[in-house]
>>> print(open('protein24.cif').read())   # mmCIF, C-alpha atoms
data_coords
#
loop_
_atom_site.label_atom_id
_atom_site.label_comp_id
_atom_site.auth_asym_id
_atom_site.auth_seq_id
_atom_site.Cartn_x
_atom_site.Cartn_y
_atom_site.Cartn_z
CA MET E 1 174.50 64.15 151.67
CA LEU E 2 175.58 63.24 148.15
CA LEU E 3 174.50 65.80 145.54
CA VAL E 4 173.50 64.33 142.17
CA PRO E 5 172.58 66.43 139.10
CA PRO E 6 169.23 65.59 137.51
CA SER E 7 168.92 62.99 134.76
CA PHE E 8 165.94 61.63 132.87
CA THR E 9 164.34 58.28 133.59
CA THR E 10 161.46 59.00 131.16
CA LYS E 11 161.40 61.53 128.32
CA PRO E 12 158.23 62.79 126.62
CA SER E 13 157.23 61.22 123.28
CA ASN E 14 155.78 62.88 120.18
CA GLU E 15 151.99 62.63 119.99
CA THR E 16 149.47 62.82 117.15
CA VAL E 17 145.85 63.12 118.24
CA VAL E 18 142.48 64.17 116.85
CA GLU E 19 140.98 67.44 118.10
CA ASN E 20 139.14 67.22 121.44
CA MET E 21 140.97 64.07 122.54
CA VAL E 22 142.91 64.19 125.78
CA VAL E 23 146.66 64.18 125.21
CA ALA E 24 149.22 63.35 127.89
CA PHE E 25 152.98 63.80 128.03
CA TYR E 26 155.17 62.18 130.68
CA CYS E 27 158.59 63.12 131.98
CA ALA E 28 160.45 61.74 134.99
CA ALA E 29 163.90 62.32 136.45
CA ILE E 30 166.15 61.40 139.33
CA GLY E 31 168.71 63.42 141.27
CA ASN E 32 169.53 64.69 144.73
CA PRO E 33 167.95 67.00 145.77
CA VAL E 34 164.78 65.69 144.11
CA PRO E 35 164.40 67.43 140.72
CA LYS E 36 161.60 69.85 139.89
CA ILE E 37 159.90 69.24 136.53
CA THR E 38 158.56 72.19 134.56
CA TRP E 39 156.61 72.00 131.28
CA MET E 40 156.96 74.82 128.77
CA LYS E 41 155.52 75.79 125.39
CA ASP E 42 156.50 78.86 123.37
CA GLY E 43 158.78 80.03 126.20
CA LYS E 44 155.99 80.01 128.80
CA ILE E 45 155.46 77.68 131.75
CA VAL E 46 152.31 75.63 131.21
CA SER E 47 152.53 73.13 134.09
CA GLN E 48 154.73 71.45 136.69
CA GLY E 49 155.08 67.82 137.68
CA GLU E 50 155.73 64.52 135.91
CA SER E 51 152.70 64.63 133.62
CA LEU E 52 151.04 67.19 131.41
CA SER E 53 147.56 66.47 130.07
CA PHE E 54 144.89 68.56 128.40
CA GLY E 55 142.16 68.51 125.77
CA ALA E 56 143.81 68.88 122.38
CA ILE E 57 142.79 71.76 120.16
CA ARG E 58 144.64 72.83 117.06
CA SER E 59 146.03 76.00 118.67
CA LYS E 60 147.85 73.81 121.23
CA ALA E 61 149.85 71.97 118.56
CA GLY E 62 153.61 72.48 118.62
CA LYS E 63 156.68 71.66 120.67
CA TYR E 64 156.49 71.07 124.43
CA TRP E 65 159.58 71.10 126.63
CA CYS E 66 160.18 69.17 129.82
CA SER E 67 162.81 71.01 131.88
CA VAL E 68 164.30 69.35 134.95
CA SER E 69 166.44 71.03 137.60
CA ASN E 70 167.31 70.51 141.24
CA GLY E 71 169.19 73.68 142.17
CA LEU E 72 172.67 72.43 141.30
CA GLY E 73 173.01 74.82 138.37
CA VAL E 74 172.41 72.13 135.75
CA ALA E 75 169.09 71.74 133.94
CA VAL E 76 168.27 68.98 131.48
CA ASN E 77 165.64 69.42 128.79
CA ALA E 78 163.71 67.15 126.47
CA SER E 79 161.03 68.03 123.95
CA ALA E 80 158.07 66.39 122.25
CA HIS E 81 155.95 67.56 119.35
CA LEU E 82 152.16 67.59 119.42
CA ASP E 83 150.29 67.27 116.12
CA VAL E 84 146.54 67.90 116.42
CA GLN E 85 144.47 66.58 113.51
CA CYS E 86 141.20 68.20 112.47
CA GLU E 87 138.26 66.20 113.84
CA TYR E 88 135.85 66.81 110.96
CA CYS E 89 138.19 67.34 108.03
CA SER E 90 138.04 64.94 105.15
CA PHE E 91 140.55 64.93 102.38
CA ILE E 92 139.50 64.11 98.86
CA LEU E 93 142.20 62.91 96.59
CA GLU E 94 141.67 63.66 92.95
CA LYS E 95 143.21 61.49 90.27
#
>>> encode(input="protein24.cif", output="structure tokens")
Amino acid sequence: MLLVPPSFTTKPSNETVVENMVVAFYCAAIGNPVPKITWMKDGKIVSQGESLSFGAIRSKAGKYWCSVSNGLGVAVNASAHLDVQCEYCSFILEK
């Protein structure tokens, strides 16, 4: 069996959404053994698997990390930033 460290085939992309919209991040990797994908925010695990989706609220804005490992002692990481815009805010520009 040939052991292959994990590597990304898809990295998550930055997202800007309006509050209460559903946001989705995607991350995929290859390797042998098959890599495990873990999503983290603020140092805490928030999900596992290739996709992470949830209803966007302003408190969920920030940086999300996709961490991929397959037990070979090497982990690869990629991040994406989520910007959540206020749904009912209007900005008045004064001249």
>>> residues_around(input="protein24.cif", residues="region 36-38 of chain E", least_positions_apart="2", cutoff="9 Å", atoms="only C-alpha atoms", output="list in words")
Cys27, Ala28, Ala29, Val34, Met40, Ile45, Val46, Ser47, Gln48, Gly49, Glu50, Trp65, Cys66, Ser67, Val68, Ser69, Asn70 and Gly71 of chain E
>>> residues_around(input="protein24.cif", residues="Glu87 (chain E)", least_positions_apart="6", cutoff="10 Å", atoms="all atoms listed in the file", output="list in words")
Val17, Val18, Glu19, Asn20, Met21, Ile57 and Arg58 of chain E
>>> resolve_selection(input="protein24.cif", expression="the PyMOL selection byres ((chain E and resi 23) around 7)", output="ChimeraX atom specification")
/E:21-22,24-25,53-56
>>> residues_around(input="protein24.cif", residues="Leu3 (chain E)", least_positions_apart="3", cutoff="12 Å", atoms="all atoms listed in the file", output="ChimeraX atom specification")
/E:6,30-35,70-74
>>> atom_distance(input="protein24.cif", atom1="CA of Ala75 (chain E)", atom2="CA of Ser13 (chain E)")
19.1 Å
>>> atom_distance(input="protein24.cif", atom1="CA of Tyr64 (chain E)", atom2="CA of Pro12 (chain E)")
8.7 Å
>>> resolve_selection(input="protein24.cif", expression="the PyMOL selection byres ((chain E and resi 63) around 8)", output="list in words")
Lys41, Asp42, Ala61, Gly62, Tyr64, Trp65, Ser79, Ala80, His81 and Leu82 of chain E
>>> decode(input="protein24.cif", residues="region 46-68 of chain E", atoms="N, CA, C and O atoms", output="tab-separated table (two decimals), in the first residue's frame")
chain	number	residue	atom	x	y	z
E	46	VAL	N	-15.92	23.04	14.27
E	46	VAL	CA	-17.33	23.37	14.01
E	46	VAL	C	-18.02	22.34	13.12
E	46	VAL	O	-19.24	22.28	13.09
E	47	SER	N	-17.23	21.53	12.38
E	47	SER	CA	-17.85	20.52	11.52
E	47	SER	C	-16.76	19.61	10.97
E	47	SER	O	-15.57	19.89	11.10
E	48	GLN	N	-17.20	18.53	10.31
E	48	GLN	CA	-16.28	17.65	9.60
E	48	GLN	C	-16.91	17.29	8.27
E	48	GLN	O	-18.12	17.31	8.12
E	49	GLY	N	-16.06	17.00	7.29
E	49	GLY	CA	-16.54	16.65	5.96
E	49	GLY	C	-16.17	17.72	4.95
E	49	GLY	O	-15.62	18.77	5.30
E	50	GLU	N	-16.47	17.46	3.68
E	50	GLU	CA	-16.05	18.34	2.59
E	50	GLU	C	-16.75	19.69	2.58
E	50	GLU	O	-16.22	20.65	2.05
E	51	SER	N	-17.96	19.78	3.13
E	51	SER	CA	-18.67	21.06	3.07
E	51	SER	C	-19.08	21.52	4.46
E	51	SER	O	-19.27	20.71	5.37
E	52	LEU	N	-19.19	22.82	4.57
E	52	LEU	CA	-19.65	23.46	5.80
E	52	LEU	C	-20.69	24.48	5.38
E	52	LEU	O	-20.39	25.37	4.59
E	53	SER	N	-21.93	24.34	5.86
E	53	SER	CA	-22.96	25.30	5.51
E	53	SER	C	-23.81	25.62	6.72
E	53	SER	O	-24.02	24.76	7.59
E	54	PHE	N	-24.28	26.86	6.78
E	54	PHE	CA	-25.07	27.33	7.91
E	54	PHE	C	-25.73	28.65	7.55
E	54	PHE	O	-25.34	29.31	6.59
E	55	GLY	N	-26.73	29.04	8.33
E	55	GLY	CA	-27.37	30.33	8.18
E	55	GLY	C	-26.44	31.41	8.73
E	55	GLY	O	-25.98	31.32	9.86
E	56	ALA	N	-26.16	32.40	7.92
E	56	ALA	CA	-25.20	33.43	8.31
E	56	ALA	C	-25.83	34.47	9.24
E	56	ALA	O	-26.87	35.04	8.93
E	57	ILE	N	-25.19	34.65	10.38
E	57	ILE	CA	-25.52	35.75	11.27
E	57	ILE	C	-24.21	36.47	11.56
E	57	ILE	O	-23.13	35.90	11.39
E	58	ARG	N	-24.31	37.72	11.97
E	58	ARG	CA	-23.11	38.53	12.08
E	58	ARG	C	-22.08	37.97	13.06
E	58	ARG	O	-20.88	38.10	12.86
E	59	SER	N	-22.53	37.27	14.10
E	59	SER	CA	-21.59	36.70	15.06
E	59	SER	C	-20.78	35.53	14.48
E	59	SER	O	-19.79	35.11	15.07
E	60	LYS	N	-21.19	35.02	13.33
E	60	LYS	CA	-20.45	33.93	12.69
E	60	LYS	C	-19.44	34.42	11.66
E	60	LYS	O	-18.77	33.62	11.02
E	61	ALA	N	-19.33	35.74	11.50
E	61	ALA	CA	-18.33	36.29	10.58
E	61	ALA	C	-16.93	35.98	11.11
E	61	ALA	O	-16.74	35.79	12.31
E	62	GLY	N	-15.97	35.90	10.22
E	62	GLY	CA	-14.58	35.67	10.62
E	62	GLY	C	-13.90	34.66	9.73
E	62	GLY	O	-14.35	34.37	8.62
E	63	LYS	N	-12.79	34.12	10.22
E	63	LYS	CA	-11.97	33.20	9.44
E	63	LYS	C	-12.30	31.76	9.80
E	63	LYS	O	-12.38	31.39	10.97
E	64	TYR	N	-12.53	30.95	8.77
E	64	TYR	CA	-12.79	29.52	8.91
E	64	TYR	C	-11.62	28.76	8.31
E	64	TYR	O	-11.10	29.13	7.26
E	65	TRP	N	-11.21	27.70	8.99
E	65	TRP	CA	-10.08	26.89	8.56
E	65	TRP	C	-10.54	25.50	8.15
E	65	TRP	O	-11.33	24.88	8.85
E	66	CYS	N	-10.02	25.04	7.05
E	66	CYS	CA	-10.21	23.66	6.60
E	66	CYS	C	-8.88	22.95	6.87
E	66	CYS	O	-7.85	23.33	6.31
E	67	SER	N	-8.90	21.97	7.77
E	67	SER	CA	-7.69	21.22	8.12
E	67	SER	C	-7.84	19.78	7.63
E	67	SER	O	-8.86	19.14	7.89
E	68	VAL	N	-6.83	19.30	6.92
E	68	VAL	CA	-6.90	17.98	6.31
E	68	VAL	C	-5.73	17.14	6.80
E	68	VAL	O	-4.57	17.57	6.74
